[in-house]
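Student: PDB, C-alpha atoms and all ligand atoms, file query-v4.pdb:
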ATOM      1  CA  MET A 219     -11.861   5.170 -12.591
ATOM      2  CA  SER A 220     -12.467   2.560  -9.932
ATOM      3  CA  SER A 221     -15.039   0.381 -11.600
ATOM      4  CA  TRP A 222     -14.195  -3.262 -10.983
ATOM      5  CA  PRO A 223     -13.561  -5.593 -12.683
ATOM      6  CA  SER A 224     -11.717  -3.147 -14.913
ATOM      7  CA  THR A 225     -10.631  -5.894 -17.272
ATOM      8  CA  GLY A 226      -9.595  -3.427 -19.959
ATOM      9  CA  SER A 227      -6.986  -1.686 -17.786
ATOM     10  CA  PRO A 228      -3.431  -3.007 -17.692
ATOM     11  CA  PRO A 229      -2.307  -4.816 -14.529
ATOM     12  CA  VAL A 230      -0.162  -2.753 -12.168
ATOM     13  CA  VAL A 231       0.767  -5.767 -10.058
ATOM     14  CA  GLU A 232       0.195  -9.470 -10.549
ATOM     15  CA  LEU A 233       0.911 -12.318  -8.150
ATOM     16  CA  ARG A 234       0.860 -15.808  -9.627
ATOM     17  CA  ARG A 235       0.853 -18.825  -7.344
ATOM     18  CA  ALA A 236       2.818 -16.763  -4.816
ATOM     19  CA  THR A 237       3.780 -18.605  -1.645
ATOM     20  CA  LYS A 238       5.707 -17.474   1.411
ATOM     21  CA  SER A 239       6.908 -20.045   3.898
ATOM     22  CA  TYR A 240       9.015 -19.707   7.007
ATOM     23  CA  PRO A 241      11.029 -22.362   8.824
ATOM     24  CA  GLY A 242       8.905 -24.354  11.245
ATOM     25  CA  GLY A 243       6.101 -24.923   8.764
ATOM     26  CA  VAL A 244       4.593 -21.420   8.712
ATOM     27  CA  HIS A 245       2.810 -20.828   5.418
ATOM     28  CA  ALA A 246       2.099 -17.111   5.374
ATOM     29  CA  LEU A 247       0.961 -17.251   1.730
ATOM     30  CA  ARG A 248      -0.343 -20.331  -0.064
ATOM     31  CA  ALA A 249      -0.468 -20.063  -3.856
ATOM     32  CA  VAL A 250      -1.988 -16.607  -4.022
ATOM     33  CA  ASP A 251      -3.197 -15.353  -7.408
ATOM     34  CA  LEU A 252      -4.088 -11.684  -7.516
ATOM     35  CA  THR A 253      -4.224  -9.119 -10.293
ATOM     36  CA  VAL A 254      -4.594  -5.450  -9.457
ATOM     37  CA  ARG A 255      -5.363  -3.247 -12.432
ATOM     38  CA  GLU A 256      -4.700   0.382 -13.032
ATOM     39  CA  GLY A 257      -7.205   2.634 -11.289
ATOM     40  CA  GLU A 258      -8.412   0.103  -8.733
ATOM     41  CA  LEU A 259      -9.009   0.855  -5.070
ATOM     42  CA  LEU A 260      -9.179  -2.344  -3.099
ATOM     43  CA  ALA A 261      -9.391  -3.458   0.493
ATOM     44  CA  VAL A 262      -7.505  -6.467   1.852
ATOM     45  CA  VAL A 263      -9.197  -7.900   4.927
ATOM     46  CA  GLY A 264      -8.807 -10.988   7.104
ATOM     47  CA  PRO A 265      -7.916 -12.185  10.593
ATOM     48  CA  SER A 266      -4.629 -11.336  12.302
ATOM     49  CA  GLY A 267      -1.877 -13.592  11.002
ATOM     50  CA  SER A 268      -3.718 -14.501   7.794
ATOM     51  CA  GLY A 269      -0.976 -13.132   5.533
ATOM     52  CA  LYS A 270      -2.198  -9.649   4.585
ATOM     53  CA  SER A 271       1.004  -7.737   5.362
ATOM     54  CA  THR A 272       3.095 -10.518   3.862
ATOM     55  CA  MET A 273       1.148 -10.185   0.627
ATOM     56  CA  LEU A 274       1.406  -6.391   0.589
ATOM     57  CA  ASN A 275       5.164  -6.568   1.156
ATOM     58  CA  VAL A 276       5.503  -9.117  -1.639
ATOM     59  CA  MET A 277       3.387  -6.920  -3.944
ATOM     60  CA  GLY A 278       5.583  -3.953  -3.078
ATOM     61  CA  THR A 279       8.827  -5.934  -3.597
ATOM     62  CA  LEU A 280       9.876  -5.319   0.013
ATOM     63  CA  ASP A 281       9.780  -9.103   0.389
ATOM     64  CA  THR A 282      10.218 -11.959  -2.081
ATOM     65  CA  PRO A 283       7.901 -14.939  -2.417
ATOM     66  CA  THR A 284       9.261 -18.415  -1.637
ATOM     67  CA  THR A 285       7.755 -19.667  -4.913
ATOM     68  CA  GLY A 286       5.599 -18.119  -7.601
ATOM     69  CA  THR A 287       5.976 -14.862  -9.500
ATOM     70  CA  VAL A 288       5.398 -11.158  -8.912
ATOM     71  CA  GLU A 289       5.044  -8.752 -11.795
ATOM     72  CA  VAL A 290       5.063  -5.004 -11.253
ATOM     73  CA  ALA A 291       4.320  -2.749 -14.228
ATOM     74  CA  GLY A 292       4.856  -5.783 -16.447
ATOM     75  CA  TYR A 293       8.281  -6.732 -15.045
ATOM     76  CA  ASP A 294       8.881 -10.099 -13.401
ATOM     77  CA  VAL A 295      10.690  -8.665 -10.391
ATOM     78  CA  SER A 296      12.750 -11.840  -9.825
ATOM     79  CA  THR A 297      14.642 -11.073 -13.059
ATOM     80  CA  LEU A 298      15.727  -7.578 -11.963
ATOM     81  CA  SER A 299      19.035  -6.658 -10.327
ATOM     82  CA  ASP A 300      18.886  -4.977  -6.908
ATOM     83  CA  SER A 301      19.492  -1.542  -8.407
ATOM     84  CA  ARG A 302      16.827  -1.979 -11.094
ATOM     85  CA  LEU A 303      14.410  -3.262  -8.477
ATOM     86  CA  SER A 304      15.078  -0.193  -6.290
ATOM     87  CA  ALA A 305      14.495   2.034  -9.310
ATOM     88  CA  LEU A 306      11.241   0.227 -10.138
ATOM     89  CA  ARG A 307      10.068   0.585  -6.544
ATOM     90  CA  ALA A 308      11.035   4.288  -6.439
ATOM     91  CA  ARG A 309       9.196   4.990  -9.691
ATOM     92  CA  HIS A 310       6.091   2.911  -9.242
ATOM     93  CA  ILE A 311       5.296   2.166  -5.605
ATOM     94  CA  GLY A 312       4.466   4.205  -2.508
ATOM     95  CA  PHE A 313       4.006   2.748   0.990
ATOM     96  CA  VAL A 314       1.982   3.899   3.981
ATOM     97  CA  PHE A 315       2.207   2.057   7.309
ATOM     98  CA  GLN A 316       0.062   1.944  10.426
ATOM     99  CA  HIS A 317       2.685   3.632  12.590
ATOM    100  CA  PHE A 318       3.711   6.258  10.018
ATOM    101  CA  HIS A 319       7.486   5.461  10.006
ATOM    102  CA  LEU A 320       8.468   9.141   9.964
ATOM    103  CA  ALA A 321      12.014  10.186  10.869
ATOM    104  CA  ALA A 322      12.078  11.803  14.323
ATOM    105  CA  GLY A 323      13.659  15.248  14.483
ATOM    106  CA  ARG A 324      13.134  15.934  10.786
ATOM    107  CA  ASP A 325      10.384  18.327   9.791
ATOM    108  CA  ALA A 326       7.440  17.415   7.591
ATOM    109  CA  VAL A 327       9.008  18.881   4.433
ATOM    110  CA  ASP A 328      12.190  16.827   4.890
ATOM    111  CA  ASN A 329      10.269  13.670   5.774
ATOM    112  CA  VAL A 330       8.267  14.026   2.555
ATOM    113  CA  ALA A 331      11.344  15.001   0.515
ATOM    114  CA  ASP A 332      12.926  11.704   1.633
ATOM    115  CA  GLY A 333      10.317   9.973  -0.513
ATOM    116  CA  LEU A 334      12.376  11.132  -3.513
ATOM    117  CA  LEU A 335      15.778  10.054  -2.155
ATOM    118  CA  TYR A 336      16.104   7.159  -4.568
ATOM    119  CA  ALA A 337      14.618   8.960  -7.549
ATOM    120  CA  GLY A 338      17.747  10.991  -8.316
ATOM    121  CA  VAL A 339      16.095  14.378  -7.655
ATOM    122  CA  PRO A 340      18.310  17.250  -6.332
ATOM    123  CA  LEU A 341      17.602  18.444  -2.770
ATOM    124  CA  LYS A 342      16.088  21.822  -3.685
ATOM    125  CA  GLU A 343      13.667  20.189  -6.114
ATOM    126  CA  ARG A 344      12.884  17.446  -3.563
ATOM    127  CA  ARG A 345      11.885  20.107  -1.028
ATOM    128  CA  LYS A 346       9.793  21.994  -3.591
ATOM    129  CA  ARG A 347       7.900  18.859  -4.548
ATOM    130  CA  ALA A 348       7.553  17.946  -0.864
ATOM    131  CA  ARG A 349       5.809  21.263  -0.193
ATOM    132  CA  GLU A 350       3.458  20.578  -3.114
ATOM    133  CA  ALA A 351       2.699  17.096  -1.782
ATOM    134  CA  LEU A 352       2.015  18.521   1.692
ATOM    135  CA  ALA A 353      -0.420  20.974   0.094
ATOM    136  CA  GLN A 354      -2.113  18.017  -1.597
ATOM    137  CA  VAL A 355      -2.798  16.461   1.824
ATOM    138  CA  ARG A 356      -3.724  19.929   3.101
ATOM    139  CA  LEU A 357      -0.783  20.228   5.477
ATOM    140  CA  ASP A 358       1.099  23.098   3.867
ATOM    141  CA  HIS A 359       0.825  24.969   7.177
ATOM    142  CA  ARG A 360       2.694  22.209   9.034
ATOM    143  CA  GLY A 361       5.808  21.908   6.866
ATOM    144  CA  SER A 362       8.240  22.933   9.601
ATOM    145  CA  HIS A 363       6.729  20.693  12.275
ATOM    146  CA  THR A 364       8.617  17.602  13.421
ATOM    147  CA  PRO A 365       6.623  14.373  14.024
ATOM    148  CA  ASP A 366       6.372  15.037  17.791
ATOM    149  CA  GLN A 367       4.638  18.335  16.934
ATOM    150  CA  LEU A 368       1.970  16.635  14.804
ATOM    151  CA  SER A 369      -1.224  14.759  15.675
ATOM    152  CA  GLY A 370      -1.601  11.124  14.631
ATOM    153  CA  GLY A 371      -3.816  12.052  11.703
ATOM    154  CA  GLU A 372      -1.367  14.744  10.599
ATOM    155  CA  LYS A 373       1.526  12.279  10.844
ATOM    156  CA  GLN A 374      -0.342   9.879   8.585
ATOM    157  CA  ARG A 375      -1.037  12.661   6.092
ATOM    158  CA  VAL A 376       2.708  13.467   6.065
ATOM    159  CA  ALA A 377       3.362   9.767   5.442
ATOM    160  CA  ILE A 378       0.842   9.821   2.578
ATOM    161  CA  ALA A 379       2.536  12.917   1.138
ATOM    162  CA  ARG A 380       5.876  11.085   1.334
ATOM    163  CA  ALA A 381       4.334   8.110  -0.478
ATOM    164  CA  LEU A 382       2.784  10.211  -3.236
ATOM    165  CA  VAL A 383       5.586  12.748  -3.790
ATOM    166  CA  GLY A 384       7.174  10.469  -6.388
ATOM    167  CA  ALA A 385       3.812  10.121  -8.197
ATOM    168  CA  PRO A 386       3.692   6.317  -7.816
ATOM    169  CA  ARG A 387       1.225   4.303  -9.872
ATOM    170  CA  LEU A 388       0.585   2.010  -6.928
ATOM    171  CA  LEU A 389       0.042   2.996  -3.313
ATOM    172  CA  LEU A 390       0.176   0.197  -0.735
ATOM    173  CA  ALA A 391      -1.236   1.041   2.676
ATOM    174  CA  ASP A 392      -0.984  -1.374   5.636
ATOM    175  CA  GLU A 393      -3.669  -0.422   8.172
ATOM    176  CA  PRO A 394      -3.283   3.322   7.494
ATOM    177  CA  THR A 395      -6.104   4.151   9.909
ATOM    178  CA  GLY A 396      -5.225   1.501  12.503
ATOM    179  CA  ALA A 397      -3.595   3.963  14.925
ATOM    180  CA  LEU A 398      -6.042   6.825  14.343
ATOM    181  CA  ASP A 399      -9.292   7.988  15.883
ATOM    182  CA  THR A 400     -12.385   7.723  13.695
ATOM    183  CA  ALA A 401     -12.342  11.353  12.532
ATOM    184  CA  SER A 402      -8.652  11.284  11.512
ATOM    185  CA  GLY A 403      -9.173   7.899   9.878
ATOM    186  CA  THR A 404     -12.028   9.337   7.834
ATOM    187  CA  VAL A 405      -9.803  12.174   6.599
ATOM    188  CA  VAL A 406      -7.086   9.688   5.629
ATOM    189  CA  MET A 407      -9.580   7.523   3.729
ATOM    190  CA  GLN A 408     -10.983  10.612   1.958
ATOM    191  CA  LEU A 409      -7.453  11.435   0.827
ATOM    192  CA  LEU A 410      -6.954   7.918  -0.492
ATOM    193  CA  HIS A 411     -10.248   8.171  -2.388
ATOM    194  CA  GLU A 412      -9.108  11.497  -3.903
ATOM    195  CA  LEU A 413      -5.760  10.047  -4.932
ATOM    196  CA  ASN A 414      -7.539   7.108  -6.523
ATOM    197  CA  ALA A 415      -9.890   9.439  -8.366
ATOM    198  CA  SER A 416      -6.849  11.186  -9.827
ATOM    199  CA  GLY A 417      -5.509   7.874 -11.121
ATOM    200  CA  THR A 418      -3.422   6.190  -8.392
ATOM    201  CA  THR A 419      -4.051   2.479  -7.917
ATOM    202  CA  ILE A 420      -4.445   1.752  -4.198
ATOM    203  CA  CYS A 421      -4.475  -1.363  -1.979
ATOM    204  CA  VAL A 422      -5.476  -0.842   1.641
ATOM    205  CA  ILE A 423      -5.228  -3.431   4.390
ATOM    206  CA  THR A 424      -7.846  -2.773   7.022
ATOM    207  CA  HIS A 425      -9.480  -4.402  10.024
ATOM    208  CA  ASP A 426     -12.390  -1.998   9.706
ATOM    209  CA  ASN A 427     -15.303  -3.560   7.842
ATOM    210  CA  GLY A 428     -16.901  -0.142   7.357
ATOM    211  CA  ILE A 429     -13.805   1.065   5.514
ATOM    212  CA  ALA A 430     -13.529  -2.131   3.479
ATOM    213  CA  ASP A 431     -17.181  -2.064   2.441
ATOM    214  CA  ALA A 432     -16.842   1.535   1.248
ATOM    215  CA  LEU A 433     -14.149   0.520  -1.264
ATOM    216  CA  PRO A 434     -14.959  -0.840  -4.726
ATOM    217  CA  ARG A 435     -13.279  -4.248  -4.226
ATOM    218  CA  GLN A 436     -12.678  -6.476  -1.204
ATOM    219  CA  VAL A 437     -10.122  -9.289  -1.127
ATOM    220  CA  ARG A 438     -10.575 -11.543   1.893
ATOM    221  CA  PHE A 439      -7.775 -13.606   3.392
ATOM    222  CA  ARG A 440      -7.763 -16.633   5.642
ATOM    223  CA  ASP A 441      -4.766 -18.808   6.524
ATOM    224  CA  GLY A 442      -2.616 -17.445   3.721
ATOM    225  CA  GLU A 443      -5.269 -17.844   1.038
ATOM    226  CA  ILE A 444      -7.708 -15.575  -0.740
ATOM    227  CA  VAL A 445     -11.140 -16.893   0.226
ATOM    228  CA  SER A 446     -13.183 -14.272  -1.565
ATOM    229  CA  ASP A 447     -12.677 -11.467  -4.030
ATOM    230  CA  ALA A 448     -15.703  -9.283  -4.566
ATOM    231  CA  SER A 449     -16.787  -5.913  -5.835
ATOM    232  CA  SER A 450     -19.130  -3.765  -3.763
ATOM    233  CA  ALA A 451     -21.521  -3.542  -6.672
ATOM    234  CA  ALA A 452     -21.986  -7.318  -7.012
ATOM    235  CA  ARG A 453     -20.707  -9.667  -4.348
ATOM    236  CA  THR A 454     -21.428 -12.777  -6.332
ATOM    237  CA  ASP A 455     -18.011 -14.262  -6.958
ATOM    238  CA  GLU A 456     -17.205 -15.986  -3.693
ATOM    239  CA  VAL A 457     -14.311 -18.390  -4.159
ATOM    240  CA  THR A 458     -15.145 -21.857  -2.903
ATOM    241  CA  PRO A 459     -12.338 -22.882  -0.513
TER
HETATM  242  N1  LIG A 501       9.668 -13.242   9.581
HETATM  243  C1  LIG A 501       8.780 -14.182   9.905
HETATM  244  N2  LIG A 501       9.158 -15.393  10.357
HETATM  245  C2  LIG A 501       8.252 -16.350  10.658
HETATM  246  N3  LIG A 501       6.925 -16.194  10.541
HETATM  247  C3  LIG A 501       6.480 -15.018  10.094
HETATM  248  C4  LIG A 501       7.362 -13.940   9.753
HETATM  249  N4  LIG A 501       6.620 -12.894   9.320
HETATM  250  C5  LIG A 501       5.329 -13.277   9.396
HETATM  251  N5  LIG A 501       5.242 -14.556   9.856
HETATM  252  C6  LIG A 501       3.991 -15.314  10.058
HETATM  253  O1  LIG A 501       3.284 -15.286   8.846
HETATM  254  C7  LIG A 501       1.876 -15.202   9.088
HETATM  255  C8  LIG A 501       1.275 -14.028   8.341
HETATM  256  O2  LIG A 501       1.748 -12.824   8.907
HETATM  257  P1  LIG A 501       1.253 -11.400   8.406
HETATM  258  O3  LIG A 501       2.069 -10.374   9.101
HETATM  259  O4  LIG A 501       1.249 -11.375   6.930
HETATM  260  O5  LIG A 501      -0.252 -11.375   8.935
HETATM  261  P2  LIG A 501      -1.369 -10.231   8.861
HETATM  262  O6  LIG A 501      -2.539 -10.808   8.167
HETATM  263  O7  LIG A 501      -0.762  -8.997   8.314
HETATM  264  O8  LIG A 501      -1.741 -10.039  10.393
HETATM  265  P3  LIG A 501      -2.121  -8.702  11.237
HETATM  266  O9  LIG A 501      -3.559  -8.405  10.904
HETATM  267  O10 LIG A 501      -1.947  -9.125  12.646
HETATM  268  O11 LIG A 501      -1.189  -7.605  10.823
HETATM  269  C9  LIG A 501       1.720 -15.113  10.605
HETATM  270  O12 LIG A 501       1.395 -16.402  11.078
HETATM  271  C10 LIG A 501       3.079 -14.692  11.086
HETATM  272  O13 LIG A 501       3.329 -15.177  12.366
HETATM  273 MG    MG A 502      -0.353  -7.092   9.135
END
What would the structure in this file look like if it were written as structure tokens?
Tutor:
Amino acid sequence: MSSWPSTGSPPVVELRRATKSYPGGVHALRAVDLTVREGELLAVVGPSGSGKSTMLNVMGTLDTPTTGTVEVAGYDVSTLSDSRLSALRARHIGFVFQHFHLAAGRDAVDNVADGLLYAGVPLKERRKRAREALAQVRLDHRGSHTPDQLSGGEKQRVAIARALVGAPRLLLADEPTGALDTASGTVVMQLLHELNASGTTICVITHDNGIADALPRQVRFRDGEIVSDASSAARTDEVTP
């Protein structure tokens, strides 16, 4: 599924000339063009402050570009009302963050069930699907544990279950292994590989070159620009700055 370039597959997300500027002359993104196609598993790498999270948030419609366009599942997101944008996000996109973002005091089942809050699914069904998603990340035995009763790796697996419970086409992960030890990080990356093999398109920001090199495609950032975009099989398409 993850062969790149998979030119025959439809784009899941497309950025065209996307910029993001902040007052004071900060250019977090400078005319970024990126197409991510169905079935891809790609790493986004680059120095701190180079614009990786900004791009992921723009791809996931958590943030809007200053100029340029973002298309998700074929929709130009700037043309959608807030409610249609929320529906698009709920149907198509899952997020995983470095520090898990789980709700304290709520058990794993409820944290995962919250991933369906905006999908119009009744509570009982949300909990049922949450238990299935926890089984998918092999945490069915931890459903009643609250975040303070889970290890870091387990917390991230709960967060992955929450992201995948709505069966998103696109999973966006911002340093998902950044707060984990090597062994837990390996388990998390194995899960992402499995999800990709079953059809989910995945973008992973990472500082870990070993992780990036193990993925089929690497997009490298510097100063708000993509400076290279390569597949592991053939790193021949360096972009000349
Ligand atoms: N709300 C904001 N206001 C002003 N500047 C911002 C804001 N958010 C981000 N920036 C700036 O935009 C640039 C890109 O930030 P971004 O968070 O995308 O970097 P990053 O590549 O994810 O870095 P890291 O690896 O440290 O997470 C940085 O220079 C940052 O200071
Ligand atoms: Mg970041």
Student: From the options A:Leu280, A:Val314, A:Val230, A:Val327, which residue's atoms come nearest to Ala381 (chain A), counting all atoms listed in the file?
Tutor: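 Closest residue, counting all atoms listed in the file: A:Val314.
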Student: Residue by residue, what does the PyMOL selection byres (((chain A and resi 334) around 12) and not hetatm) grab here? Present the result as a PyMOL selection string.
Tutor: chain A and resi 304-305+307-312+327-333+335-348+351+379-386
Student: Would you work out the distance separating atom MG of ligand MG 502 (chain A) from CA of Asp426 (chain A), expressed in Å to one decimal?
Tutor: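 Straight-line distance from atom MG of ligand MG 502 (chain A) to CA of Asp426 (chain A) works out to 13.1 Å.
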Student: Chain A near ligand MG 502 (chain A) within 10 Å: what's each residue's closest atom pair and its distance in Å to one decimal, counting only C-alpha atoms and all ligand atoms, ordered by chain then ascending residue number, as CSV?
Tutor:
residue,atom,partner,partner_atom,distance
A:Val263,CA,A:MG502,MG,9.8
A:Gly264,CA,A:MG502,MG,9.5
A:Pro265,CA,A:MG502,MG,9.2
A:Ser266,CA,A:MG502,MG,6.8
A:Gly267,CA,A:MG502,MG,6.9
A:Ser268,CA,A:MG502,MG,8.2
A:Gly269,CA,A:MG502,MG,7.1
A:Lys270,CA,A:MG502,MG,5.5
A:Ser271,CA,A:MG502,MG,4.1
A:Thr272,CA,A:MG502,MG,7.2
A:Met273,CA,A:MG502,MG,9.2
A:Leu274,CA,A:MG502,MG,8.8
A:Asn275,CA,A:MG502,MG,9.7
A:Phe315,CA,A:MG502,MG,9.7
A:Gln316,CA,A:MG502,MG,9.1
A:Asp392,CA,A:MG502,MG,6.7
A:Glu393,CA,A:MG502,MG,7.5
A:Ile423,CA,A:MG502,MG,7.7
A:Thr424,CA,A:MG502,MG,8.9
A:His425,CA,A:MG502,MG,9.6
Student: Here is a test: counting all atoms listed in the file, which residue of A:Ser450, A:Ser369, A:Ser299, A:Thr282 is nearest to ligand LIG 501 (chain A)?
Tutor: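 Residue with the minimum atom-to-atom distance to ligand LIG 501 (chain A): A:Thr282.
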Student: Do you know which residues the PyMOL selection byres (((chain A and resi 283) around 12) and not hetatm) returns on this file, as a CSV table (one decimal) with C-alpha atoms, in the frame of the given file?
Tutor:
chain,number,residue,atom,x,y,z
A,233,LEU,CA,0.9,-12.3,-8.2
A,234,ARG,CA,0.9,-15.8,-9.6
A,235,ARG,CA,0.9,-18.8,-7.3
A,236,ALA,CA,2.8,-16.8,-4.8
A,237,THR,CA,3.8,-18.6,-1.6
A,238,LYS,CA,5.7,-17.5,1.4
A,239,SER,CA,6.9,-20.0,3.9
A,240,TYR,CA,9.0,-19.7,7.0
A,245,HIS,CA,2.8,-20.8,5.4
A,246,ALA,CA,2.1,-17.1,5.4
A,247,LEU,CA,1.0,-17.3,1.7
A,248,ARG,CA,-0.3,-20.3,-0.1
A,249,ALA,CA,-0.5,-20.1,-3.9
A,250,VAL,CA,-2.0,-16.6,-4.0
A,272,THR,CA,3.1,-10.5,3.9
A,273,MET,CA,1.1,-10.2,0.6
A,274,LEU,CA,1.4,-6.4,0.6
A,275,ASN,CA,5.2,-6.6,1.2
A,276,VAL,CA,5.5,-9.1,-1.6
A,277,MET,CA,3.4,-6.9,-3.9
A,278,GLY,CA,5.6,-4.0,-3.1
A,279,THR,CA,8.8,-5.9,-3.6
A,280,LEU,CA,9.9,-5.3,0.0
A,281,ASP,CA,9.8,-9.1,0.4
A,282,THR,CA,10.2,-12.0,-2.1
A,284,THR,CA,9.3,-18.4,-1.6
A,285,THR,CA,7.8,-19.7,-4.9
A,286,GLY,CA,5.6,-18.1,-7.6
A,287,THR,CA,6.0,-14.9,-9.5
A,288,VAL,CA,5.4,-11.2,-8.9
A,289,GLU,CA,5.0,-8.8,-11.8
A,295,VAL,CA,10.7,-8.7,-10.4
A,296,SER,CA,12.8,-11.8,-9.8
Student: Take CA of Leu259 (chain A) and CA of Tyr293 (chain A) and report the distance between them in Å, one decimal.
Tutor: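 Atom-to-atom, CA of Leu259 (chain A) to CA of Tyr293 (chain A), that is 21.4 Å.
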Student: Box for ligand LIG 501 (chain A): with edges along x, y and z, all listed atoms inside and 3 Å added on each side, what are the centre and edge lengths in Å to one decimal, as lines of an AutoDock Vina configuration file?
Tutor:
center_x = 3.1
center_y = -12.0
center_z = 9.8
size_x = 19.2
size_y = 14.8
size_z = 11.7
Student: Could you list, as a count of residues only, every residue matched by the PyMOL selection byres (((chain A and resi 418) around 7) and not hetatm) in this structure?
Tutor: 10
Student: Using all atoms listed in the file, pick whichever of A:Gly370, A:Gly403, A:Gly242, A:Gly292 has the shortest atom-to-atom distance to ligand LIG 501 (chain A).
Tutor: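 Once distances to ligand LIG 501 (chain A) are computed over all atoms listed in the file, the minimum belongs to A:Gly242.
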Student: For Gly428 (chain A), list every protein, DNA or RNA residue within 12 Å, evaluated using only C-alpha atoms, and leave out those in the same chain fewer than 5 positions away; present the list as a ChimeraX atom specification.
Tutor: /A:261,263,395,400,403-404,407,433,436,450
Student: Between CA of Val231 (chain A) and CA of Arg349 (chain A), measure the distance and give it in Å to one decimal.
Tutor: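 These two atoms are separated by 29.2 Å.
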Student: Calculated over only C-alpha atoms and all ligand atoms, which of the candidates A:Arg302, A:Arg440, A:Arg435, A:His317 has the smallest distance to ligand LIG 501 (chain A)?
Tutor: A:Arg440
Student: Looking at A:Glu232, A:Asp399, A:Asp431, A:Glu350, which one is nearest to Ser449 (chain A), with distances taken over only C-alpha atoms?
Tutor: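 Smallest distance to Ser449 (chain A) is found for A:Asp431.
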